[in-house]
>>> print(open('upload07.cif').read())   # mmCIF, C-alpha atoms
data_protein
loop_
_atom_site.group_PDB
_atom_site.id
_atom_site.type_symbol
_atom_site.label_atom_id
_atom_site.label_comp_id
_atom_site.auth_asym_id
_atom_site.auth_seq_id
_atom_site.Cartn_x
_atom_site.Cartn_y
_atom_site.Cartn_z
ATOM 1 C CA MET A 25 2.053 12.165 -7.341
ATOM 2 C CA THR A 26 4.543 9.840 -5.677
ATOM 3 C CA VAL A 27 7.200 10.222 -3.016
ATOM 4 C CA ASN A 28 10.580 8.565 -3.430
ATOM 5 C CA VAL A 29 11.191 6.604 -0.250
ATOM 6 C CA LYS A 30 13.414 3.709 0.822
ATOM 7 C CA PRO A 31 11.737 2.555 4.026
ATOM 8 C CA HIS A 32 13.448 0.509 6.769
ATOM 9 C CA PHE A 33 9.981 -0.896 7.399
ATOM 10 C CA ASN A 34 6.613 -0.777 5.695
ATOM 11 C CA PHE A 35 5.336 2.385 7.354
ATOM 12 C CA PHE A 36 2.022 2.194 5.587
ATOM 13 C CA PHE A 37 1.385 -1.508 6.045
ATOM 14 C CA PHE A 38 -1.967 -0.690 7.554
ATOM 15 C CA LEU A 39 -3.236 0.647 4.234
ATOM 16 C CA LEU A 40 -3.740 -2.967 3.172
ATOM 17 C CA PHE A 41 -6.784 -3.038 5.373
ATOM 18 C CA PHE A 42 -8.744 -0.253 3.737
ATOM 19 C CA SER A 43 -9.207 1.626 0.494
ATOM 20 C CA LEU A 44 -8.308 5.127 1.657
ATOM 21 C CA LYS A 45 -5.210 6.204 -0.227
ATOM 22 C CA PRO A 46 -2.735 8.896 0.943
ATOM 23 C CA ALA A 47 -2.821 11.317 -1.988
ATOM 24 C CA ASP A 48 -0.004 13.852 -2.080
ATOM 25 C CA MET A 49 1.873 12.848 1.071
ATOM 26 C CA PHE A 50 3.560 16.225 1.295
ATOM 27 C CA GLN A 51 0.719 18.783 1.375
ATOM 28 C CA SER A 52 0.327 20.930 4.518
ATOM 29 C CA VAL A 53 1.448 23.995 6.364
ATOM 30 C CA LEU A 54 3.624 24.145 9.467
ATOM 31 C CA LEU A 55 1.879 26.207 12.094
ATOM 32 C CA ASN A 56 3.010 27.114 15.594
ATOM 33 C CA SER A 57 1.367 25.694 18.690
ATOM 34 C CA PRO A 58 -0.819 28.118 20.667
ATOM 35 C CA SER A 59 0.252 29.251 24.109
ATOM 36 C CA THR A 60 -1.224 27.619 27.202
ATOM 37 C CA SER A 61 -4.201 29.097 29.024
ATOM 38 C CA ARG A 62 -5.805 28.633 32.443
ATOM 39 C CA GLY A 63 -8.898 26.538 32.849
ATOM 40 C CA PRO A 64 -11.695 26.880 35.424
ATOM 41 C CA ASP A 65 -11.478 25.828 39.067
ATOM 42 C CA LEU A 66 -12.455 22.168 39.344
ATOM 43 C CA SER A 67 -12.858 19.690 42.199
ATOM 44 C CA VAL A 68 -14.714 16.458 42.921
ATOM 45 C CA GLY A 69 -18.331 17.236 43.754
ATOM 46 C CA THR A 70 -18.548 20.320 41.558
ATOM 47 C CA PHE A 71 -21.693 20.617 39.457
ATOM 48 C CA LEU A 72 -20.744 21.691 35.959
ATOM 49 C CA SER A 73 -24.409 21.961 35.051
ATOM 50 C CA GLU A 74 -27.740 21.237 36.718
ATOM 51 C CA SER A 75 -27.364 17.529 35.992
ATOM 52 C CA LEU A 76 -23.612 16.837 35.692
ATOM 53 C CA GLN A 77 -21.547 16.409 38.868
ATOM 54 C CA VAL A 78 -17.784 15.858 38.811
ATOM 55 C CA MET A 79 -16.871 12.449 40.262
ATOM 56 C CA ASP A 80 -13.213 12.352 39.221
ATOM 57 C CA LEU A 81 -10.580 14.483 37.478
ATOM 58 C CA LEU A 82 -9.287 12.310 34.659
ATOM 59 C CA GLY A 83 -6.548 14.529 33.290
ATOM 60 C CA GLU A 84 -5.428 17.794 31.766
ATOM 61 C CA GLY A 85 -4.145 18.389 28.257
ATOM 62 C CA ALA A 86 -2.916 21.356 26.286
ATOM 63 C CA PHE A 87 -6.427 22.415 25.381
ATOM 64 C CA GLY A 88 -8.474 21.494 28.422
ATOM 65 C CA HIS A 89 -9.422 19.336 31.397
ATOM 66 C CA VAL A 90 -11.270 16.018 31.243
ATOM 67 C CA THR A 91 -13.572 14.987 34.080
ATOM 68 C CA LYS A 92 -15.707 11.975 34.896
ATOM 69 C CA CYS A 93 -19.232 13.148 35.693
ATOM 70 C CA PHE A 94 -22.438 11.564 36.941
ATOM 71 C CA SER A 95 -25.574 12.597 35.126
ATOM 72 C CA THR A 96 -28.521 12.914 37.486
ATOM 73 C CA LYS A 97 -30.699 13.100 34.380
ATOM 74 C CA THR A 98 -29.723 9.733 32.867
ATOM 75 C CA GLY A 99 -28.080 7.962 35.814
ATOM 76 C CA GLU A 100 -25.003 7.324 33.674
ATOM 77 C CA MET A 101 -21.380 8.371 33.848
ATOM 78 C CA GLU A 102 -20.118 10.737 31.161
ATOM 79 C CA ALA A 103 -16.790 12.269 30.193
ATOM 80 C CA VAL A 104 -16.831 16.062 30.135
ATOM 81 C CA LYS A 105 -14.065 18.117 28.564
ATOM 82 C CA ILE A 106 -13.699 21.692 29.794
ATOM 83 C CA ILE A 107 -11.921 23.754 27.148
ATOM 84 C CA LYS A 108 -9.248 26.286 28.070
ATOM 85 C CA LYS A 109 -9.458 29.722 26.502
ATOM 86 C CA PHE A 110 -7.029 30.760 23.806
ATOM 87 C CA PRO A 111 -7.302 34.371 22.591
ATOM 88 C CA GLY A 112 -7.657 34.379 18.824
ATOM 89 C CA LEU A 113 -7.871 30.594 18.643
ATOM 90 C CA PRO A 114 -11.509 29.392 18.728
ATOM 91 C CA VAL A 115 -10.702 25.777 19.561
ATOM 92 C CA GLU A 116 -14.010 25.134 21.310
ATOM 93 C CA LYS A 117 -16.136 26.598 18.510
ATOM 94 C CA ASN A 118 -14.169 24.648 15.949
ATOM 95 C CA GLU A 119 -14.700 21.357 17.760
ATOM 96 C CA VAL A 120 -18.443 21.923 18.147
ATOM 97 C CA VAL A 121 -18.784 22.667 14.423
ATOM 98 C CA ILE A 122 -16.986 19.423 13.562
ATOM 99 C CA LEU A 123 -18.873 17.322 16.114
ATOM 100 C CA LYS A 124 -22.246 18.562 14.889
ATOM 101 C CA GLN A 125 -21.418 17.179 11.466
ATOM 102 C CA LEU A 126 -20.422 13.813 12.932
ATOM 103 C CA ARG A 127 -23.313 13.566 15.382
ATOM 104 C CA SER A 128 -25.399 11.342 13.106
ATOM 105 C CA LEU A 129 -22.740 8.603 13.093
ATOM 106 C CA ASP A 130 -23.144 5.452 15.157
ATOM 107 C CA PRO A 131 -20.043 5.219 17.408
ATOM 108 C CA ASP A 132 -20.106 1.417 17.262
ATOM 109 C CA THR A 133 -19.858 1.323 13.477
ATOM 110 C CA SER A 134 -17.908 4.546 12.808
ATOM 111 C CA ASN A 135 -15.381 4.157 15.661
ATOM 112 C CA ILE A 136 -15.774 7.866 16.430
ATOM 113 C CA ILE A 137 -16.636 8.986 19.949
ATOM 114 C CA LYS A 138 -20.260 9.868 20.698
ATOM 115 C CA TRP A 139 -20.723 13.555 21.517
ATOM 116 C CA LYS A 140 -23.778 14.327 23.654
ATOM 117 C CA GLU A 141 -23.994 18.065 24.279
ATOM 118 C CA SER A 142 -22.115 21.299 24.860
ATOM 119 C CA PHE A 143 -22.650 23.929 27.577
ATOM 120 C CA THR A 144 -20.679 26.561 29.511
ATOM 121 C CA TYR A 145 -19.179 26.494 32.999
ATOM 122 C CA GLN A 146 -17.422 29.556 34.433
ATOM 123 C CA ASP A 147 -17.407 31.001 30.909
ATOM 124 C CA HIS A 148 -15.618 27.917 29.540
ATOM 125 C CA MET A 149 -17.067 25.707 26.848
ATOM 126 C CA CYS A 150 -17.771 22.165 28.089
ATOM 127 C CA MET A 151 -18.455 19.132 25.949
ATOM 128 C CA SER A 152 -20.041 15.929 27.175
ATOM 129 C CA TYR A 153 -19.168 12.554 25.639
ATOM 130 C CA GLU A 154 -19.715 8.886 26.232
ATOM 131 C CA LEU A 155 -17.313 7.669 28.937
ATOM 132 C CA LEU A 156 -14.566 5.443 27.569
ATOM 133 C CA ASP A 157 -11.980 3.364 29.390
ATOM 134 C CA GLN A 158 -8.343 4.131 28.542
ATOM 135 C CA ASP A 159 -6.262 5.637 25.753
ATOM 136 C CA LEU A 160 -3.853 3.500 23.733
ATOM 137 C CA GLN A 161 -0.768 5.268 25.072
ATOM 138 C CA ASN A 162 -1.512 4.340 28.687
ATOM 139 C CA TYR A 163 -2.768 0.899 27.704
ATOM 140 C CA VAL A 164 0.531 0.043 25.974
ATOM 141 C CA LYS A 165 2.516 1.634 28.809
ATOM 142 C CA ALA A 166 0.698 -0.560 31.357
ATOM 143 C CA ARG A 167 1.398 -3.655 29.238
ATOM 144 C CA GLY A 168 5.088 -2.849 29.054
ATOM 145 C CA GLU A 169 5.146 -3.972 25.431
ATOM 146 C CA GLY A 170 3.439 -3.354 22.123
ATOM 147 C CA LEU A 171 0.046 -4.723 21.134
ATOM 148 C CA LEU A 172 -0.327 -8.332 20.116
ATOM 149 C CA ILE A 173 -0.769 -8.810 16.365
ATOM 150 C CA PRO A 174 -4.508 -9.699 16.588
ATOM 151 C CA ASP A 175 -5.160 -6.576 18.684
ATOM 152 C CA LEU A 176 -3.039 -4.452 16.360
ATOM 153 C CA LYS A 177 -4.970 -5.652 13.309
ATOM 154 C CA SER A 178 -8.242 -4.907 15.085
ATOM 155 C CA VAL A 179 -7.116 -1.376 15.976
ATOM 156 C CA ILE A 180 -5.898 -0.802 12.403
ATOM 157 C CA ARG A 181 -9.262 -1.749 10.938
ATOM 158 C CA GLN A 182 -11.181 0.411 13.394
ATOM 159 C CA VAL A 183 -9.010 3.507 12.947
ATOM 160 C CA ALA A 184 -9.248 3.001 9.181
ATOM 161 C CA THR A 185 -13.032 2.902 9.496
ATOM 162 C CA ALA A 186 -13.000 6.171 11.454
ATOM 163 C CA LEU A 187 -10.795 7.790 8.802
ATOM 164 C CA GLN A 188 -13.118 6.652 6.038
ATOM 165 C CA HIS A 189 -16.050 8.290 7.800
ATOM 166 C CA LEU A 190 -14.096 11.514 8.306
ATOM 167 C CA ARG A 191 -13.166 11.483 4.643
ATOM 168 C CA SER A 192 -16.833 11.243 3.675
ATOM 169 C CA PHE A 193 -17.373 14.535 5.544
ATOM 170 C CA LYS A 194 -14.153 16.038 4.080
ATOM 171 C CA ILE A 195 -12.803 16.377 7.629
ATOM 172 C CA VAL A 196 -9.147 16.078 8.650
ATOM 173 C CA HIS A 197 -8.617 15.078 12.283
ATOM 174 C CA ALA A 198 -5.063 16.554 12.403
ATOM 175 C CA ASP A 199 -4.258 15.210 15.886
ATOM 176 C CA ILE A 200 -4.090 11.435 15.600
ATOM 177 C CA ARG A 201 -1.784 9.941 18.237
ATOM 178 C CA PRO A 202 -2.065 7.151 20.843
ATOM 179 C CA GLU A 203 -3.633 9.510 23.410
ATOM 180 C CA ASN A 204 -6.503 10.262 21.028
ATOM 181 C CA ILE A 205 -7.476 6.660 20.345
ATOM 182 C CA MET A 206 -9.538 5.417 23.269
ATOM 183 C CA ILE A 207 -10.392 1.844 24.235
ATOM 184 C CA VAL A 208 -14.076 1.356 24.989
ATOM 185 C CA ASP A 209 -13.462 -1.376 27.604
ATOM 186 C CA ARG A 210 -10.034 -2.952 28.008
ATOM 187 C CA ARG A 211 -11.586 -6.061 29.607
ATOM 188 C CA GLN A 212 -13.406 -6.936 26.389
ATOM 189 C CA GLN A 213 -11.901 -8.815 23.461
ATOM 190 C CA PRO A 214 -11.326 -8.010 20.721
ATOM 191 C CA ILE A 215 -10.314 -4.459 21.599
ATOM 192 C CA ARG A 216 -12.828 -1.837 20.507
ATOM 193 C CA VAL A 217 -11.584 1.720 20.021
ATOM 194 C CA ARG A 218 -12.894 5.195 19.247
ATOM 195 C CA LEU A 219 -11.165 8.183 17.683
ATOM 196 C CA VAL A 220 -11.501 11.178 20.040
ATOM 197 C CA ASP A 221 -10.561 14.871 20.414
ATOM 198 C CA PHE A 222 -11.537 16.942 17.397
ATOM 199 C CA GLY A 223 -10.237 20.254 18.738
ATOM 200 C CA LEU A 224 -7.694 20.628 15.920
ATOM 201 C CA SER A 225 -9.842 19.133 13.165
ATOM 202 C CA PHE A 226 -10.722 21.103 10.048
ATOM 203 C CA GLN A 227 -12.522 20.828 6.735
ATOM 204 C CA ILE A 228 -10.330 20.106 3.726
ATOM 205 C CA GLY A 229 -9.476 23.480 2.244
ATOM 206 C CA ASP A 230 -9.670 25.355 5.562
ATOM 207 C CA ARG A 231 -6.614 26.627 7.398
ATOM 208 C CA PRO A 232 -5.558 24.258 10.219
ATOM 209 C CA PHE A 233 -4.087 25.097 13.625
ATOM 210 C CA PHE A 234 -1.087 22.756 13.856
ATOM 211 C CA GLN A 235 -0.076 19.104 14.228
ATOM 212 C CA ALA A 236 1.513 17.509 17.302
ATOM 213 C CA THR A 237 5.274 17.061 17.500
ATOM 214 C CA GLY A 238 6.329 13.526 16.625
ATOM 215 C CA TYR A 239 3.241 12.948 14.492
ATOM 216 C CA ARG A 240 3.643 15.798 12.000
ATOM 217 C CA ALA A 241 3.541 14.806 8.367
ATOM 218 C CA PRO A 242 6.570 15.782 6.247
ATOM 219 C CA GLU A 243 4.463 18.192 4.230
ATOM 220 C CA VAL A 244 3.636 20.043 7.437
ATOM 221 C CA LEU A 245 7.337 20.474 8.150
ATOM 222 C CA LEU A 246 8.032 21.591 4.581
ATOM 223 C CA GLY A 247 5.220 24.143 4.545
ATOM 224 C CA ILE A 248 3.279 22.798 1.578
ATOM 225 C CA HIS A 249 -0.314 23.873 0.979
ATOM 226 C CA PRO A 250 -3.173 22.900 0.787
ATOM 227 C CA LEU A 251 -3.713 20.194 3.390
ATOM 228 C CA THR A 252 -5.578 16.949 2.793
ATOM 229 C CA GLU A 253 -6.442 13.845 4.800
ATOM 230 C CA ALA A 254 -2.949 12.612 3.884
ATOM 231 C CA ILE A 255 -1.606 14.148 7.106
ATOM 232 C CA ASP A 256 -3.946 11.851 9.054
ATOM 233 C CA ILE A 257 -2.541 8.859 7.191
ATOM 234 C CA TRP A 258 0.971 9.831 8.217
ATOM 235 C CA SER A 259 0.169 10.410 11.900
ATOM 236 C CA THR A 260 -1.862 7.187 11.977
ATOM 237 C CA GLY A 261 1.173 5.323 10.657
ATOM 238 C CA ALA A 262 3.403 6.867 13.335
ATOM 239 C CA THR A 263 0.798 5.993 15.969
ATOM 240 C CA LEU A 264 0.475 2.369 14.851
ATOM 241 C CA VAL A 265 4.227 1.850 14.828
ATOM 242 C CA GLU A 266 4.331 3.264 18.354
ATOM 243 C CA VAL A 267 1.625 0.991 19.754
ATOM 244 C CA ALA A 268 3.124 -2.000 17.909
ATOM 245 C CA THR A 269 6.621 -1.479 19.309
ATOM 246 C CA ALA A 270 5.956 0.488 22.522
ATOM 247 C CA SER A 271 8.521 2.964 21.162
ATOM 248 C CA THR A 272 8.095 6.485 19.841
ATOM 249 C CA ILE A 273 9.270 6.559 16.256
ATOM 250 C CA PHE A 274 9.958 10.304 15.859
ATOM 251 C CA GLU A 275 11.132 11.717 19.165
ATOM 252 C CA ASN A 276 12.649 15.107 18.397
ATOM 253 C CA GLU A 277 10.777 18.380 18.814
ATOM 254 C CA GLU A 278 12.905 20.431 16.403
ATOM 255 C CA GLU A 279 11.685 20.412 12.814
ATOM 256 C CA TYR A 280 15.158 19.750 11.384
ATOM 257 C CA ASP A 281 15.679 16.720 13.627
ATOM 258 C CA GLU A 282 12.255 15.330 12.791
ATOM 259 C CA LEU A 283 12.891 15.703 9.056
ATOM 260 C CA SER A 284 16.285 14.065 9.508
ATOM 261 C CA GLN A 285 14.640 11.030 11.101
ATOM 262 C CA ILE A 286 12.036 10.847 8.371
ATOM 263 C CA ILE A 287 14.642 11.022 5.601
ATOM 264 C CA GLN A 288 16.864 8.397 7.213
ATOM 265 C CA SER A 289 13.987 5.960 7.629
ATOM 266 C CA HIS A 290 11.991 6.745 4.471
ATOM 267 C CA GLY A 291 14.300 8.477 2.048
ATOM 268 C CA GLN A 292 14.251 12.042 0.751
ATOM 269 C CA PRO A 293 11.094 13.488 -0.843
ATOM 270 C CA SER A 294 11.299 14.053 -4.578
ATOM 271 C CA ASP A 295 12.482 17.382 -5.979
ATOM 272 C CA GLU A 296 8.974 17.979 -7.306
ATOM 273 C CA ILE A 297 7.605 17.750 -3.771
ATOM 274 C CA LEU A 298 10.373 19.888 -2.275
ATOM 275 C CA ASP A 299 9.809 22.583 -4.921
ATOM 276 C CA ARG A 300 6.335 23.146 -3.458
ATOM 277 C CA GLY A 301 7.453 23.757 0.118
ATOM 278 C CA LYS A 302 7.655 27.348 1.319
ATOM 279 C CA ASP A 303 9.968 26.151 4.124
ATOM 280 C CA THR A 304 12.056 23.759 2.028
ATOM 281 C CA ALA A 305 15.020 26.176 1.869
ATOM 282 C CA SER A 306 15.191 26.183 5.668
ATOM 283 C CA TYR A 307 16.282 22.535 5.648
ATOM 284 C CA PHE A 308 17.557 21.905 2.103
ATOM 285 C CA CYS A 309 19.925 23.658 -0.269
ATOM 286 C CA GLU A 310 19.890 23.435 -4.054
ATOM 287 C CA GLN A 311 22.767 21.734 -5.825
ATOM 288 C CA VAL A 312 23.882 21.254 -9.427
ATOM 289 C CA ASP A 313 25.302 17.737 -9.165
ATOM 290 C CA GLY A 314 23.888 14.787 -7.270
ATOM 291 C CA GLU A 315 20.964 12.371 -7.248
ATOM 292 C CA HIS A 316 18.602 15.160 -6.148
ATOM 293 C CA ARG A 317 18.498 18.838 -7.023
ATOM 294 C CA TRP A 318 17.761 19.516 -3.351
ATOM 295 C CA ARG A 319 20.263 18.367 -0.700
ATOM 296 C CA PHE A 320 19.366 18.056 2.970
ATOM 297 C CA LYS A 321 21.560 20.399 4.982
ATOM 298 C CA SER A 322 24.166 18.818 7.232
ATOM 299 C CA PRO A 323 23.835 19.307 11.010
ATOM 300 C CA SER A 324 26.761 21.737 10.953
ATOM 301 C CA GLU A 325 25.216 23.780 8.111
ATOM 302 C CA TYR A 326 21.888 23.962 9.900
ATOM 303 C CA GLU A 327 23.519 24.907 13.199
ATOM 304 C CA GLU A 328 25.605 27.625 11.543
ATOM 305 C CA GLU A 329 22.503 29.158 9.951
ATOM 306 C CA THR A 330 20.135 28.872 12.903
ATOM 307 C CA GLY A 331 22.241 28.459 16.024
ATOM 308 C CA LEU A 332 20.267 25.303 16.848
ATOM 309 C CA GLN A 333 22.175 22.087 17.497
ATOM 310 C CA ALA A 334 20.960 19.009 15.624
ATOM 311 C CA GLN A 335 20.257 15.875 17.638
ATOM 312 C CA THR A 336 21.241 12.278 16.966
ATOM 313 C CA PHE A 337 18.834 9.347 17.104
ATOM 314 C CA THR A 338 18.508 5.626 16.558
ATOM 315 C CA SER A 339 16.063 4.460 13.915
ATOM 316 C CA ILE A 340 13.356 1.976 14.869
ATOM 317 C CA ARG A 341 13.037 -1.205 12.825
ATOM 318 C CA LEU A 342 9.867 -3.238 13.127
ATOM 319 C CA ASP A 343 11.964 -6.373 12.534
ATOM 320 C CA ASP A 344 13.510 -5.795 15.958
ATOM 321 C CA HIS A 345 10.084 -6.075 17.610
ATOM 322 C CA ARG A 346 8.757 -9.263 16.068
#
>>> encode(input="upload07.cif", output="structure tokens")
Amino acid sequence: MTVNVKPHFNFFFFLLFFSLKPADMFQSVLLNSPSTSRGPDLSVGTFLSESLQVMDLLGEGAFGHVTKCFSTKTGEMEAVKIIKKFPGLPVEKNEVVILKQLRSLDPDTSNIIKWKESFTYQDHMCMSYELLDQDLQNYVKARGEGLLIPDLKSVIRQVATALQHLRSFKIVHADIRPENIMIVDRRQQPIRVRLVDFGLSFQIGDRPFFQATGYRAPEVLLGIHPLTEAIDIWSTGATLVEVATASTIFENEEEYDELSQIIQSHGQPSDEILDRGKDTASYFCEQVDGEHRWRFKSPSEYEEETGLQAQTFTSIRLDDHR
């Protein structure tokens, strides 16, 4: 199945570097983000287990806290993620199930983070990983510009390798973005990266949680089912454009605005694709005459129906960043 697009830039240029093909680019379900939840009390010096002592608080995300810990057992530093609790949303159990399947992989050849163990602290699931250096979002931000072409090509190949390994396990990551691609050591060249954070991952055929705003595949927005690894291809493309240009390609949080950006930069999905979306009628209306049977609703039509005001945006062209 193909998608009719007229891209301003070659969004999937990175596919030249590997054999994984994005089958059915419009196959997923739009799901709502879970509400936030409190994590445990943390401070430097806290022992999360008998052998892991917190040395630094590295950050907090939607699903948990990340700490830098010293292992008295191995004498090495580790990264420990403490998962927040979400009633009815077993994020921590889901991630452990996925990581157990990937545990046999060599992180140096698979470009997937090495998971060490899981345990509980204050009734919160904790997961210990190899300690990495910096995520791509902060690395690019510190540079003040996008990656150099040699570094970009290296990252493309490594992320592609990680996706190939996930595909062999029939796993969809579902949360690929610059924050979830970590650099092993920014002082080393060429850049080596790992794919991290499998809290939203799922087996092909299972029901997913959701996909992050700005990196959601069109099929997610249209409410098409079932999901495949194609949504990872899309979010990887959005991520690579972002780290290449130091600019976010799809900035809006509202689904209509995000679809509008996608259509303006890539063209409208085919009628065959739109026919499969349970949410298609929220953003498109059927018409008798015209190039397509489905017509994307105008901002005024959408606002009249929903009360939500559509946003304007400026498309990104890779030619502007050469």
>>> resolve_selection(input="upload07.cif", expression="the PyMOL selection byres ((chain A and resi 225) around 7)", output="ChimeraX atom specification")
/A:195-198,222-224,226
>>> write_last_selection(input="upload07.cif", atoms="C-alpha atoms", output="tab-separated table (two decimals), in the coordinates of the input")
chain	number	residue	atom	x	y	z
A	195	ILE	CA	-12.80	16.38	7.63
A	196	VAL	CA	-9.15	16.08	8.65
A	197	HIS	CA	-8.62	15.08	12.28
A	198	ALA	CA	-5.06	16.55	12.40
A	222	PHE	CA	-11.54	16.94	17.40
A	223	GLY	CA	-10.24	20.25	18.74
A	224	LEU	CA	-7.69	20.63	15.92
A	226	PHE	CA	-10.72	21.10	10.05
>>> resolve_selection(input="upload07.cif", expression="the PyMOL selection byres ((chain A and resi 313-322) around 10)", output="list in words")
Tyr280, Leu283, Ser284, Ile287, Gln292, Pro293, Ser294, Asp295, Glu296, Leu298, Asp299, Thr304, Ala305, Ser306, Tyr307, Phe308, Cys309, Glu310, Gln311, Val312, Pro323, Ser324, Glu325, Tyr326, Glu327, Glu328 and Ala334 of chain A
>>> closest_residue(input="upload07.cif", among="A:Val104, A:Ile180, A:Ala86, A:Leu190", to="Phe71 (chain A)", atoms="all atoms listed in the file")
A:Val104
>>> resolve_selection(input="upload07.cif", expression="the PyMOL selection byres ((chain A and resi 189) around 12)", output="PDB file with C-alpha atoms, in the frame of the given file")
ATOM      1  CA  PHE A  42      -8.744  -0.253   3.737  1.00  0.00           C
ATOM      2  CA  LEU A  44      -8.308   5.127   1.657  1.00  0.00           C
ATOM      3  CA  GLN A 125     -21.418  17.179  11.466  1.00  0.00           C
ATOM      4  CA  LEU A 126     -20.422  13.813  12.932  1.00  0.00           C
ATOM      5  CA  ARG A 127     -23.313  13.566  15.382  1.00  0.00           C
ATOM      6  CA  SER A 128     -25.399  11.342  13.106  1.00  0.00           C
ATOM      7  CA  LEU A 129     -22.740   8.603  13.093  1.00  0.00           C
ATOM      8  CA  ASP A 130     -23.144   5.452  15.157  1.00  0.00           C
ATOM      9  CA  PRO A 131     -20.043   5.219  17.408  1.00  0.00           C
ATOM     10  CA  THR A 133     -19.858   1.323  13.477  1.00  0.00           C
ATOM     11  CA  SER A 134     -17.908   4.546  12.808  1.00  0.00           C
ATOM     12  CA  ASN A 135     -15.381   4.157  15.661  1.00  0.00           C
ATOM     13  CA  ILE A 136     -15.774   7.866  16.430  1.00  0.00           C
ATOM     14  CA  GLN A 182     -11.181   0.411  13.394  1.00  0.00           C
ATOM     15  CA  VAL A 183      -9.010   3.507  12.947  1.00  0.00           C
ATOM     16  CA  ALA A 184      -9.248   3.001   9.181  1.00  0.00           C
ATOM     17  CA  THR A 185     -13.032   2.902   9.496  1.00  0.00           C
ATOM     18  CA  ALA A 186     -13.000   6.171  11.454  1.00  0.00           C
ATOM     19  CA  LEU A 187     -10.795   7.790   8.802  1.00  0.00           C
ATOM     20  CA  GLN A 188     -13.118   6.652   6.038  1.00  0.00           C
ATOM     21  CA  LEU A 190     -14.096  11.514   8.306  1.00  0.00           C
ATOM     22  CA  ARG A 191     -13.166  11.483   4.643  1.00  0.00           C
ATOM     23  CA  SER A 192     -16.833  11.243   3.675  1.00  0.00           C
ATOM     24  CA  PHE A 193     -17.373  14.535   5.544  1.00  0.00           C
ATOM     25  CA  LYS A 194     -14.153  16.038   4.080  1.00  0.00           C
ATOM     26  CA  ILE A 195     -12.803  16.377   7.629  1.00  0.00           C
ATOM     27  CA  VAL A 196      -9.147  16.078   8.650  1.00  0.00           C
ATOM     28  CA  HIS A 197      -8.617  15.078  12.283  1.00  0.00           C
ATOM     29  CA  LEU A 219     -11.165   8.183  17.683  1.00  0.00           C
ATOM     30  CA  GLU A 253      -6.442  13.845   4.800  1.00  0.00           C
TER      31      GLU A 253
END
>>> atom_distance(input="upload07.cif", atom1="CA of Ile106 (chain A)", atom2="CA of Glu275 (chain A)")
28.8 Å
>>> atom_distance(input="upload07.cif", atom1="CA of Ala166 (chain A)", atom2="CA of Gln213 (chain A)")
17.0 Å
>>> axis_aligned_box(input="upload07.cif", around="region 309-315 of chain A", padding_each_side="6 Å", output="lines of an AutoDock Vina configuration file")
center_x = 22.6
center_y = 18.0
center_z = -4.8
size_x = 17.4
size_y = 23.3
size_z = 21.2
